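Student: This is target.cif (mmCIF, C-alpha atoms and all ligand atoms).
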```cif
data_work
loop_
_atom_site.label_atom_id
_atom_site.label_comp_id
_atom_site.auth_asym_id
_atom_site.auth_seq_id
_atom_site.Cartn_x
_atom_site.Cartn_y
_atom_site.Cartn_z
CA MET U 97 0.00 0.00 0.00
CA ARG U 98 1.45 3.36 -1.05
CA ILE U 99 1.38 6.30 1.34
CA LEU U 100 2.24 9.90 0.42
CA LEU U 101 4.50 11.68 2.90
CA THR U 102 4.43 15.45 2.42
CA GLY U 103 7.64 16.88 3.84
CA GLY U 104 8.95 13.33 3.57
CA ALA U 105 12.58 14.43 3.10
CA GLY U 106 12.60 16.25 6.46
CA PHE U 107 13.64 15.14 9.93
CA ILE U 108 10.52 13.26 11.06
CA GLY U 109 9.35 12.38 7.52
CA SER U 110 12.60 10.60 6.62
CA HIS U 111 12.49 8.42 9.77
CA THR U 112 8.81 7.67 9.17
CA ALA U 113 9.53 6.66 5.57
CA VAL U 114 12.01 4.07 6.85
CA ALA U 115 9.60 2.81 9.53
CA LEU U 116 6.73 2.53 7.01
CA ALA U 117 8.89 0.60 4.54
CA ASN U 118 10.04 -1.76 7.27
CA ALA U 119 6.37 -2.35 8.16
CA GLY U 120 5.49 -3.33 4.58
CA PHE U 121 4.13 -0.01 3.25
CA GLU U 122 5.51 1.79 0.20
CA PRO U 123 6.24 5.40 1.12
CA VAL U 124 6.18 8.06 -1.61
CA LEU U 125 7.95 11.26 -0.57
CA PHE U 126 6.86 14.74 -1.63
CA ASP U 127 8.95 17.76 -0.66
CA ASN U 128 9.87 21.23 -1.91
CA PHE U 129 13.33 20.99 -0.26
CA SER U 130 12.89 24.32 1.53
CA ASN U 131 14.35 22.63 4.61
CA ALA U 132 15.77 19.37 3.29
CA ASP U 133 18.44 18.05 1.00
CA PRO U 134 17.32 15.79 -1.88
CA ASP U 135 20.42 13.63 -1.23
CA VAL U 136 18.71 12.26 1.89
CA ILE U 137 16.96 9.82 -0.45
CA GLY U 138 20.15 7.69 -0.65
CA PRO U 139 20.25 6.82 3.07
CA ILE U 140 16.44 6.51 3.19
CA CYS U 141 16.48 3.85 0.42
CA GLU U 142 19.40 2.09 2.11
CA LEU U 143 17.57 1.90 5.45
CA ALA U 144 14.20 1.15 3.81
CA LYS U 145 15.82 -1.66 1.78
CA GLN U 146 13.73 -0.57 -1.20
CA SER U 147 13.58 2.16 -3.80
CA VAL U 148 11.56 5.08 -2.43
CA PRO U 149 10.17 7.67 -4.90
CA LEU U 150 10.97 11.29 -4.03
CA CYS U 151 8.80 13.87 -5.83
CA HIS U 152 9.84 17.51 -5.93
CA GLY U 153 6.71 19.60 -5.41
CA ASP U 154 4.88 22.04 -3.20
CA ILE U 155 1.76 21.23 -1.20
CA ARG U 156 0.40 24.65 -2.21
CA ASP U 157 -0.04 23.26 -5.73
CA ALA U 158 -3.21 21.13 -5.49
CA LYS U 159 -2.97 19.86 -9.06
CA THR U 160 0.53 18.47 -8.54
CA VAL U 161 -0.58 16.83 -5.29
CA GLU U 162 -3.53 15.25 -7.13
CA ASN U 163 -1.27 14.01 -9.95
CA VAL U 164 1.21 12.42 -7.55
CA LEU U 165 -1.58 10.77 -5.54
CA ARG U 166 -3.08 9.36 -8.77
CA THR U 167 0.22 8.34 -10.36
CA TYR U 168 1.29 6.33 -7.33
CA GLU U 169 -2.25 5.28 -6.34
CA CYS U 170 -1.65 6.42 -2.76
CA GLU U 171 -4.24 5.36 -0.20
CA ALA U 172 -3.39 7.80 2.58
CA VAL U 173 -1.32 10.90 3.31
CA ILE U 174 0.96 11.65 6.24
CA HIS U 175 1.32 15.41 6.29
CA PHE U 176 4.65 16.68 7.69
CA ALA U 177 5.26 19.54 5.26
CA GLY U 178 5.40 22.98 6.78
CA LEU U 179 7.56 25.59 8.44
CA LYS U 180 8.40 25.01 12.09
CA ALA U 181 10.62 27.71 13.61
CA VAL U 182 8.73 29.52 16.36
CA GLY U 183 10.86 32.70 16.30
CA GLU U 184 10.82 32.94 12.51
CA SER U 185 7.01 32.63 12.57
CA VAL U 186 6.82 35.85 14.60
CA ALA U 187 9.00 37.66 12.04
CA LYS U 188 7.35 36.12 8.94
CA PRO U 189 3.75 35.27 9.89
CA LEU U 190 2.45 35.30 6.31
CA ASP U 191 4.97 32.66 5.24
CA TYR U 192 3.71 30.46 8.07
CA TYR U 193 0.00 30.95 7.32
CA ASP U 194 0.70 30.39 3.63
CA ASN U 195 2.80 27.21 3.98
CA ASN U 196 1.07 25.62 6.93
CA VAL U 197 -2.58 26.69 6.53
CA ASN U 198 -3.01 27.44 2.81
CA GLY U 199 -0.67 24.54 2.10
CA THR U 200 -2.89 22.16 4.04
CA ILE U 201 -6.02 23.48 2.29
CA SER U 202 -4.55 22.87 -1.16
CA LEU U 203 -3.27 19.47 -0.04
CA LEU U 204 -6.86 18.65 1.02
CA GLU U 205 -8.13 19.87 -2.37
CA GLY U 206 -5.64 17.61 -4.14
CA MET U 207 -6.69 14.69 -1.92
CA LYS U 208 -10.37 15.37 -2.63
CA ALA U 209 -9.77 15.42 -6.38
CA ALA U 210 -7.86 12.14 -6.14
CA GLY U 211 -10.40 10.54 -3.77
CA VAL U 212 -7.93 10.01 -0.89
CA LYS U 213 -9.64 10.25 2.48
CA THR U 214 -7.15 9.34 5.18
CA LEU U 215 -4.79 11.97 6.60
CA ILE U 216 -2.35 11.85 9.51
CA PHE U 217 -1.28 15.37 10.52
CA SER U 218 1.85 16.55 12.37
CA SER U 219 0.39 18.61 15.17
CA SER U 220 2.21 19.69 18.30
CA SER U 221 1.89 19.86 22.06
CA THR U 222 2.12 23.60 21.47
CA VAL U 223 -1.72 23.53 21.13
CA TYR U 224 -1.94 23.01 24.93
CA GLY U 225 -0.03 26.25 25.62
CA ASP U 226 0.97 26.79 29.25
CA PRO U 227 -0.71 23.88 31.03
CA ASP U 228 -2.83 24.22 34.18
CA GLN U 229 -2.33 20.57 35.01
CA LEU U 230 0.13 17.83 34.11
CA PRO U 231 0.34 15.34 32.51
CA LEU U 232 -1.46 16.61 29.41
CA THR U 233 -4.22 14.39 28.11
CA GLU U 234 -6.06 14.95 24.85
CA ALA U 235 -8.94 16.30 26.98
CA SER U 236 -6.73 19.02 28.50
CA PRO U 237 -7.85 22.51 27.49
CA LEU U 238 -6.33 23.99 24.36
CA LYS U 239 -4.89 27.46 24.89
CA PRO U 240 -4.50 30.33 22.44
CA ALA U 241 -1.04 30.04 20.93
CA THR U 242 1.58 32.67 21.71
CA ASN U 243 3.04 32.71 18.18
CA PRO U 244 1.92 32.28 14.55
CA TYR U 245 3.50 28.80 14.26
CA GLY U 246 1.37 27.52 17.13
CA ARG U 247 -1.72 29.20 15.67
CA THR U 248 -1.20 27.39 12.36
CA LYS U 249 -1.25 24.02 14.18
CA MET U 250 -4.44 24.95 16.00
CA MET U 251 -6.08 26.22 12.78
CA VAL U 252 -5.19 23.10 10.82
CA GLU U 253 -6.58 20.87 13.58
CA GLU U 254 -9.86 22.82 13.36
CA ILE U 255 -9.92 22.73 9.54
CA LEU U 256 -9.48 18.95 9.67
CA SER U 257 -12.28 18.65 12.18
CA ASP U 258 -14.59 20.61 9.84
CA VAL U 259 -13.56 18.47 6.87
CA THR U 260 -14.44 15.26 8.71
CA LYS U 261 -17.84 16.77 9.60
CA SER U 262 -18.48 17.63 5.96
CA ASP U 263 -17.41 14.23 4.62
CA ASP U 264 -18.33 11.23 6.73
CA ALA U 265 -15.87 9.01 4.84
CA PHE U 266 -12.86 11.19 5.80
CA CYS U 267 -10.45 10.22 8.57
CA ALA U 268 -8.09 12.78 10.12
CA VAL U 269 -5.68 11.94 12.93
CA CYS U 270 -3.82 14.85 14.54
CA LEU U 271 -0.68 13.57 16.24
CA ARG U 272 0.40 16.01 18.92
CA TYR U 273 4.14 15.52 19.16
CA PHE U 274 6.00 16.48 22.28
CA ASN U 275 9.75 17.16 21.73
CA PRO U 276 11.20 14.89 19.02
CA ILE U 277 14.99 14.45 19.24
CA GLY U 278 17.64 11.85 18.42
CA ALA U 279 18.41 10.26 15.07
CA HIS U 280 18.37 6.89 13.37
CA PRO U 281 20.84 4.61 15.21
CA SER U 282 22.68 4.03 11.90
CA GLY U 283 23.78 7.68 11.98
CA LEU U 284 22.65 7.97 8.34
CA ILE U 285 19.66 10.28 8.92
CA GLY U 286 18.95 12.83 11.62
CA GLU U 287 18.27 16.49 12.29
CA ASN U 288 20.64 18.92 10.62
CA PRO U 289 19.33 22.47 10.97
CA ASN U 290 20.88 25.25 8.89
CA GLY U 291 22.74 27.96 10.81
CA ILE U 292 22.64 28.23 14.59
CA PRO U 293 20.10 25.75 15.99
CA ASN U 294 17.07 27.06 17.90
CA ASN U 295 16.25 23.80 19.62
CA LEU U 296 18.04 22.37 22.60
CA LEU U 297 19.38 19.06 21.28
CA PRO U 298 21.01 20.20 18.04
CA TYR U 299 22.55 23.09 19.98
CA VAL U 300 23.91 20.78 22.70
CA ALA U 301 25.33 18.43 20.04
CA ARG U 302 27.24 21.30 18.44
CA VAL U 303 28.59 22.47 21.78
CA ALA U 304 29.74 18.93 22.62
CA SER U 305 31.49 18.70 19.25
CA GLY U 306 33.20 22.06 19.74
CA GLN U 307 31.43 23.88 16.87
CA LEU U 308 29.69 26.17 19.34
CA ALA U 309 31.42 27.39 22.50
CA SER U 310 28.71 27.20 25.13
CA LEU U 311 24.99 26.65 25.63
CA LYS U 312 22.70 29.29 27.11
CA VAL U 313 20.20 27.68 29.47
CA PHE U 314 17.10 29.83 29.13
CA GLY U 315 15.90 30.36 32.70
CA ASN U 316 16.84 28.72 35.99
CA ASP U 317 14.01 30.20 38.02
CA TYR U 318 11.10 28.12 36.74
CA PRO U 319 8.94 26.30 39.31
CA THR U 320 10.56 22.96 38.36
CA PRO U 321 12.83 20.71 40.49
CA ASP U 322 16.08 22.33 39.29
CA GLY U 323 14.62 25.60 38.00
CA THR U 324 15.17 24.83 34.29
CA GLY U 325 12.49 24.05 31.70
CA VAL U 326 11.06 20.52 31.58
CA ARG U 327 9.95 18.80 28.36
CA ASP U 328 8.82 15.37 27.26
CA TYR U 329 11.57 14.37 24.79
CA ILE U 330 10.74 11.54 22.42
CA HIS U 331 13.13 9.57 20.23
CA VAL U 332 12.38 10.25 16.55
CA VAL U 333 12.50 6.49 15.85
CA ASP U 334 9.71 5.95 18.41
CA LEU U 335 7.81 8.85 16.90
CA ALA U 336 8.17 7.33 13.43
CA GLU U 337 6.83 4.01 14.74
CA GLY U 338 3.90 5.97 16.23
CA HIS U 339 2.99 7.10 12.70
CA VAL U 340 3.01 3.52 11.42
CA LYS U 341 0.70 2.44 14.24
CA ALA U 342 -1.54 5.49 13.81
CA LEU U 343 -1.83 4.79 10.08
CA GLN U 344 -2.66 1.12 10.63
CA TRP U 345 -5.39 2.23 13.04
CA ALA U 346 -6.75 4.99 10.79
CA LEU U 347 -7.12 2.94 7.59
CA GLY U 348 -10.79 2.05 7.31
CA LYS U 349 -11.82 4.47 10.10
CA THR U 350 -13.58 7.83 9.78
CA GLY U 351 -13.84 11.01 11.85
CA TRP U 352 -11.39 13.31 13.67
CA THR U 353 -9.05 12.19 16.43
CA ALA U 354 -6.19 13.89 18.28
CA VAL U 355 -3.55 11.77 19.99
CA ASN U 356 -0.47 12.70 22.05
CA LEU U 357 2.86 11.17 21.07
CA GLY U 358 5.28 11.56 23.95
CA CYS U 359 7.09 9.37 26.46
CA GLY U 360 5.04 10.52 29.41
CA ARG U 361 7.92 11.89 31.46
CA GLY U 362 9.71 15.19 31.57
CA TYR U 363 13.43 15.98 31.65
CA SER U 364 14.90 19.32 32.64
CA VAL U 365 17.49 21.14 30.54
CA LEU U 366 20.15 20.24 33.12
CA GLU U 367 19.16 16.56 32.98
CA VAL U 368 19.46 16.63 29.18
CA ILE U 369 22.91 18.24 29.42
CA ARG U 370 24.07 15.53 31.86
CA ALA U 371 22.65 12.74 29.68
CA PHE U 372 24.38 14.19 26.62
CA GLU U 373 27.70 14.51 28.44
CA LYS U 374 27.41 10.87 29.47
CA ALA U 375 26.50 9.69 25.95
CA SER U 376 29.22 11.69 24.20
CA GLY U 377 31.98 11.63 26.77
CA ARG U 378 32.34 15.38 26.09
CA ALA U 379 31.74 18.39 28.29
CA VAL U 380 28.80 20.68 27.47
CA PRO U 381 29.73 24.08 28.94
CA PHE U 382 26.72 26.26 29.69
CA THR U 383 25.70 29.51 31.33
CA PHE U 384 22.35 30.53 32.70
CA ALA U 385 20.53 33.20 30.68
CA PRO U 386 17.14 34.89 31.06
CA ARG U 387 14.00 32.96 30.15
CA ARG U 388 13.24 32.81 26.41
CA ASP U 389 10.09 34.68 25.36
CA GLY U 390 7.09 32.41 24.92
CA ASP U 391 8.66 29.41 26.74
CA ILE U 392 6.64 27.53 29.34
CA ALA U 393 8.03 25.97 32.53
CA GLU U 394 7.02 22.40 31.95
CA ASN U 395 5.03 20.02 29.79
CA TYR U 396 4.78 16.29 29.43
CA ALA U 397 2.25 13.93 27.97
CA ASP U 398 -0.14 11.37 29.23
CA ALA U 399 0.42 8.97 26.32
CA THR U 400 -2.25 6.45 27.39
CA LEU U 401 -4.56 7.11 24.44
CA ALA U 402 -1.86 6.21 21.89
CA LYS U 403 -1.38 2.92 23.72
CA THR U 404 -5.11 2.21 23.97
CA LEU U 405 -5.96 3.12 20.36
CA PHE U 406 -2.82 2.22 18.44
CA GLY U 407 -0.99 -0.18 20.76
CA TRP U 408 1.97 2.23 20.62
CA GLU U 409 4.26 3.26 23.41
CA ALA U 410 7.71 4.85 23.37
CA GLN U 411 10.52 2.34 23.91
CA LEU U 412 13.64 4.50 23.99
CA GLY U 413 14.82 6.73 26.82
CA ILE U 414 16.89 9.88 27.12
CA ASP U 415 20.20 7.93 27.04
CA GLU U 416 19.36 6.39 23.65
CA MET U 417 18.13 9.76 22.36
CA CYS U 418 21.44 11.42 23.27
CA ARG U 419 23.53 8.46 22.05
CA ASP U 420 21.89 8.53 18.62
CA ALA U 421 21.95 12.32 18.33
CA TRP U 422 25.68 12.22 19.13
CA HIS U 423 26.35 9.40 16.66
CA PHE U 424 24.58 11.39 13.93
CA GLU U 425 26.54 14.52 14.82
CA CYS U 426 29.83 12.59 14.52
CA GLN U 427 28.80 11.11 11.15
CA ARG U 428 27.70 14.54 9.91
CA GLN U 429 31.09 16.00 10.67
CA LYS U 430 32.86 13.24 8.74
CA ASP U 431 30.85 14.08 5.56
P1 LIG U 501 11.48 19.52 8.76
O1 LIG U 501 11.62 20.96 8.43
O2 LIG U 501 12.70 18.69 8.89
O3 LIG U 501 10.50 18.81 7.70
C1 LIG U 501 9.48 19.51 7.02
C2 LIG U 501 9.67 19.22 5.54
O4 LIG U 501 8.63 19.88 4.81
C3 LIG U 501 11.01 19.75 4.99
O5 LIG U 501 11.66 18.70 4.32
C4 LIG U 501 10.60 20.87 4.02
O6 LIG U 501 11.49 20.98 2.93
C5 LIG U 501 9.20 20.44 3.63
N1 LIG U 501 8.29 21.52 3.23
C6 LIG U 501 8.08 22.71 3.87
N2 LIG U 501 7.15 23.42 3.23
C7 LIG U 501 6.73 22.67 2.17
C8 LIG U 501 5.79 22.87 1.13
N3 LIG U 501 5.08 23.98 1.05
N4 LIG U 501 5.61 21.88 0.23
C9 LIG U 501 6.35 20.74 0.28
N5 LIG U 501 7.27 20.51 1.23
C10 LIG U 501 7.46 21.46 2.17
O7 LIG U 501 10.60 19.44 10.11
P2 LIG U 501 10.26 18.19 11.03
O8 LIG U 501 10.93 18.40 12.34
O9 LIG U 501 10.47 16.92 10.29
O10 LIG U 501 8.72 18.46 11.28
C11 LIG U 501 7.71 17.82 10.50
C12 LIG U 501 6.36 18.33 10.97
O11 LIG U 501 6.22 18.06 12.37
C13 LIG U 501 6.16 19.83 10.80
O12 LIG U 501 4.82 20.05 10.38
C14 LIG U 501 6.38 20.37 12.18
O13 LIG U 501 5.67 21.57 12.40
C15 LIG U 501 5.82 19.25 13.04
N6 LIG U 501 6.39 19.23 14.40
C16 LIG U 501 7.74 19.18 14.57
C17 LIG U 501 8.26 19.21 15.85
C18 LIG U 501 9.75 19.19 16.07
O14 LIG U 501 10.20 19.56 17.16
N7 LIG U 501 10.56 18.77 15.11
C19 LIG U 501 7.40 19.28 16.97
C20 LIG U 501 6.03 19.31 16.76
C21 LIG U 501 5.52 19.29 15.47
N1 LIG U 502 16.59 25.65 25.66
C1 LIG U 502 17.70 26.23 26.26
N2 LIG U 502 18.70 26.69 25.44
C2 LIG U 502 18.64 26.60 24.08
C3 LIG U 502 17.49 26.01 23.48
C4 LIG U 502 16.49 25.55 24.31
O1 LIG U 502 17.78 26.33 27.47
O2 LIG U 502 19.57 27.06 23.39
C5 LIG U 502 15.52 25.12 26.53
C6 LIG U 502 14.17 25.80 26.32
O3 LIG U 502 14.08 26.97 27.11
C7 LIG U 502 13.21 24.68 26.75
C8 LIG U 502 13.94 23.40 26.32
O4 LIG U 502 15.32 23.77 26.20
O5 LIG U 502 13.09 24.66 28.15
C9 LIG U 502 13.45 22.84 24.99
O6 LIG U 502 13.51 23.87 23.98
P1 LIG U 502 13.38 23.54 22.42
O7 LIG U 502 13.57 24.83 21.69
O8 LIG U 502 14.24 22.39 22.06
O9 LIG U 502 11.87 23.03 22.29
P2 LIG U 502 10.49 23.73 22.67
O10 LIG U 502 9.89 22.94 23.79
O11 LIG U 502 10.65 25.17 22.88
O12 LIG U 502 9.64 23.56 21.32
C10 LIG U 502 9.64 22.38 20.52
C11 LIG U 502 9.51 22.77 19.06
C12 LIG U 502 8.16 23.37 18.79
C13 LIG U 502 7.08 22.46 19.27
C14 LIG U 502 7.29 22.11 20.72
C15 LIG U 502 6.28 21.09 21.17
O13 LIG U 502 10.52 23.69 18.69
O14 LIG U 502 8.01 23.51 17.41
O15 LIG U 502 8.59 21.55 20.89
O16 LIG U 502 6.26 20.03 20.29
F1 LIG U 502 5.87 23.08 19.14
#
```
Written as structure tokens, that's how I'd like the structure from this file.
Tutor:
Amino acid sequence: MRILLTGGAGFIGSHTAVALANAGFEPVLFDNFSNADPDVIGPICELAKQSVPLCHGDIRDAKTVENVLRTYECEAVIHFAGLKAVGESVAKPLDYYDNNVNGTISLLEGMKAAGVKTLIFSSSSTVYGDPDQLPLTEASPLKPATNPYGRTKMMVEEILSDVTKSDDAFCAVCLRYFNPIGAHPSGLIGENPNGIPNNLLPYVARVASGQLASLKVFGNDYPTPDGTGVRDYIHVVDLAEGHVKALQWALGKTGWTAVNLGCGRGYSVLEVIRAFEKASGRAVPFTFAPRRDGDIAENYADATLAKTLFGWEAQLGIDEMCRDAWHFECQRQKD
């Protein structure tokens, strides 16, 4: 069964392509390469042990989406494509609404024209905002986002809900990711942001490897055990497996569902630094800096629903996440 992965050449899409292939699906990748390198297809095919088509196209072009869906006779779409940098979304809101919201609308038009009615969407725990209570379940209140990126995730969730109400054969699953990190254990694929990384793990990896001098820990006065921010980090390989299980569940179902994908436990920034130092055998020098605008103190998932519905649960812990992120960083430097 062929499955279209929009944004399939990106960080989470590439790992999901491998997981889908290993589960017997045939992934078809669709990407405009705004944040990916077409050469990633080599390692993806190697890990998938099959030839994986990679189509160059933009989700904002409904006709191209329709043609690709028809050509490959895809039966479902996993929708990763979009822009994801919180700070950039404040500076360039129209780019974010255009790519993430308009892009999803034209993707849905292309799907409608091709008669494809199953969609798995990359949502985010950002829809919960600053939580009143932890852990976060899917019934926890959604909060107005503090930035355009977060608003696009909320809007797309609502659009998908409306689409399922208008078409009772449509199935939309919104997967609310917590903090995906790590890399494939082979070291062949991983996260390789351009420029100075915004997110904690890629930054820590570059400090450990000596490319950046020191990490700034944003805030040590949060109401958390050590004062630094706490997040539910999830290994990207577990996350990829979550998509396979979500897809297997969704095929043949209808309606709108939102499901958390997290490990169900939080780690502070200092705990992540210690785990990375242990995994890499390198020091990660850091200094405390003021809180970053828009950051929350703490979030972590209740991931029970994913287990109940999909039979999925994260298998890998923070040590494996740091080990694989470090391995990928070392491989990246060799290339
Ligand atoms: P990524 O940037 O590595 O992957 C996104 C891919 O989409 C890239 O390959 C990019 O080239 C492609 N793309 C962007 N706009 C496109 C367009 N208009 N048409 C076709 N392709 C386009 O990001 P990722 O970390 O793999 O994230 C995938 C999805 O998961 C995104 O929607 C992101 O918002 C969401 N998400 C990510 C995180 C995270 O921390 N990584 C957390 C929560 C949600
Ligand atoms: N942090 C630092 N120093 C840094 C970078 C981050 O101390 O240089 C801290 C942050 O303050 C936070 C933690 O590390 O406490 C994690 O920060 P990230 O930037 O790695 O991740 P966020 O939780 O801010 O956000 C990520 C994605 C969002 C997504 C969200 C929930 O960037 O797109 O997870 O899925 F919405």
Student: For atom CA of U:Val114 and atom CA of U:Pro149, quote the distance in Å rounded to one decimal.
Tutor: 12.4 Å
Student: I'd like to know which of U:Glu254, U:Asp157, U:Asp135, U:Glu122 is closest to ligand LIG 501 (chain U), using all atoms listed in the file.
Tutor: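 Checking each of U:Glu254, U:Asp157, U:Asp135, U:Glu122 against ligand LIG 501 (chain U), counting all atoms listed in the file, the winner is U:Asp157.
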Student: Might you pull out every residue within 7 Å of stretch 232-241 of chain U, with only C-alpha atoms counted and same-chain residues fewer than 2 positions away left off, and present them as a ChimeraX atom specification?
Tutor: /U:223-225,229-230,243,246-247,354-356,396-398
Student: Write the residues of the selection above to a file with C-alpha atoms, as a CSV table (one decimal), in the coordinates of the input.
Tutor:
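As a result, part-v3.csv now contains:
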```csv
chain,number,residue,atom,x,y,z
U,223,VAL,CA,-1.7,23.5,21.1
U,224,TYR,CA,-1.9,23.0,24.9
U,225,GLY,CA,0.0,26.2,25.6
U,229,GLN,CA,-2.3,20.6,35.0
U,230,LEU,CA,0.1,17.8,34.1
U,243,ASN,CA,3.0,32.7,18.2
U,246,GLY,CA,1.4,27.5,17.1
U,247,ARG,CA,-1.7,29.2,15.7
U,354,ALA,CA,-6.2,13.9,18.3
U,355,VAL,CA,-3.6,11.8,20.0
U,356,ASN,CA,-0.5,12.7,22.0
U,396,TYR,CA,4.8,16.3,29.4
U,397,ALA,CA,2.2,13.9,28.0
U,398,ASP,CA,-0.1,11.4,29.2
```
Student: So what do you get for atom N2 of ligand LIG 502 (chain U) versus atom CA of U:His111, distance-wise?
Tutor: 24.9 Å
Student: So which residues touch U:Val148 within 10 Å, counting all atoms listed in the file, skipping near sequence neighbours fewer than 3 positions away, as a list in words?
Tutor: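 Using all atoms listed in the file, the neighbours found are Ala113, Val114, Ala117, Glu122, Pro123, Val124, Leu125, Ile137, Gly138, Ile140, Cys141, Glu142, Ala144, Lys145 and Cys151 of chain U.
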Student: Which residues are near ligand LIG 502 (chain U) in this structure, taking near to mean any atom at most 6 Å from a ligand atom and counting all atoms listed in the file? Format them as a list in words.
Tutor: Lys180, Ser220, Ser221, Thr222, Tyr273, Phe274, Asn275, Asn294, Asn295, Leu296, Leu311, Lys312, Val313, Phe314, Gly325, Val326, Val365, Arg388 and Asp391 of chain U
Student: Could you tell me how far atom CA of U:His280 lies from atom CA of U:Ala421, in Å and to one decimal?
Tutor: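 Going from atom CA of U:His280 over to atom CA of U:Ala421 covers 8.2 Å.
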Student: Considering all atoms listed in the file, state which residue in the set U:Asn395, U:Val164, U:Pro244, U:Trp345 is at the smallest distance from U:Asp228.
Tutor: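 So, comparing all the options, the nearest one is U:Asn395.
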Student: When distances are computed from only C-alpha atoms and all ligand atoms, which of U:Ala115, U:Val259, U:Ala105, U:Val340 shows the smallest separation from ligand LIG 501 (chain U)?
Tutor: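 Closest to ligand LIG 501 (chain U) of all the choices is U:Ala105.
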Student: Please check which protein, DNA or RNA residues sit within 8 Å of ligand LIG 501 (chain U), counting only C-alpha atoms and all ligand atoms, and write them as a PyMOL selection string.
Tutor: chain U and resi 102-110+126-133+152-156+175-181+195-196+199+217-222+245+249+272-277+287+289+295
Student: Looking at U:Thr400, U:Ser305, U:Thr214, U:Ser364, which one is nearest to U:Lys349, with distances taken over only C-alpha atoms?
Tutor: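 Going through U:Thr400, U:Ser305, U:Thr214, U:Ser364 one by one, the smallest distance to U:Lys349 is for U:Thr214.
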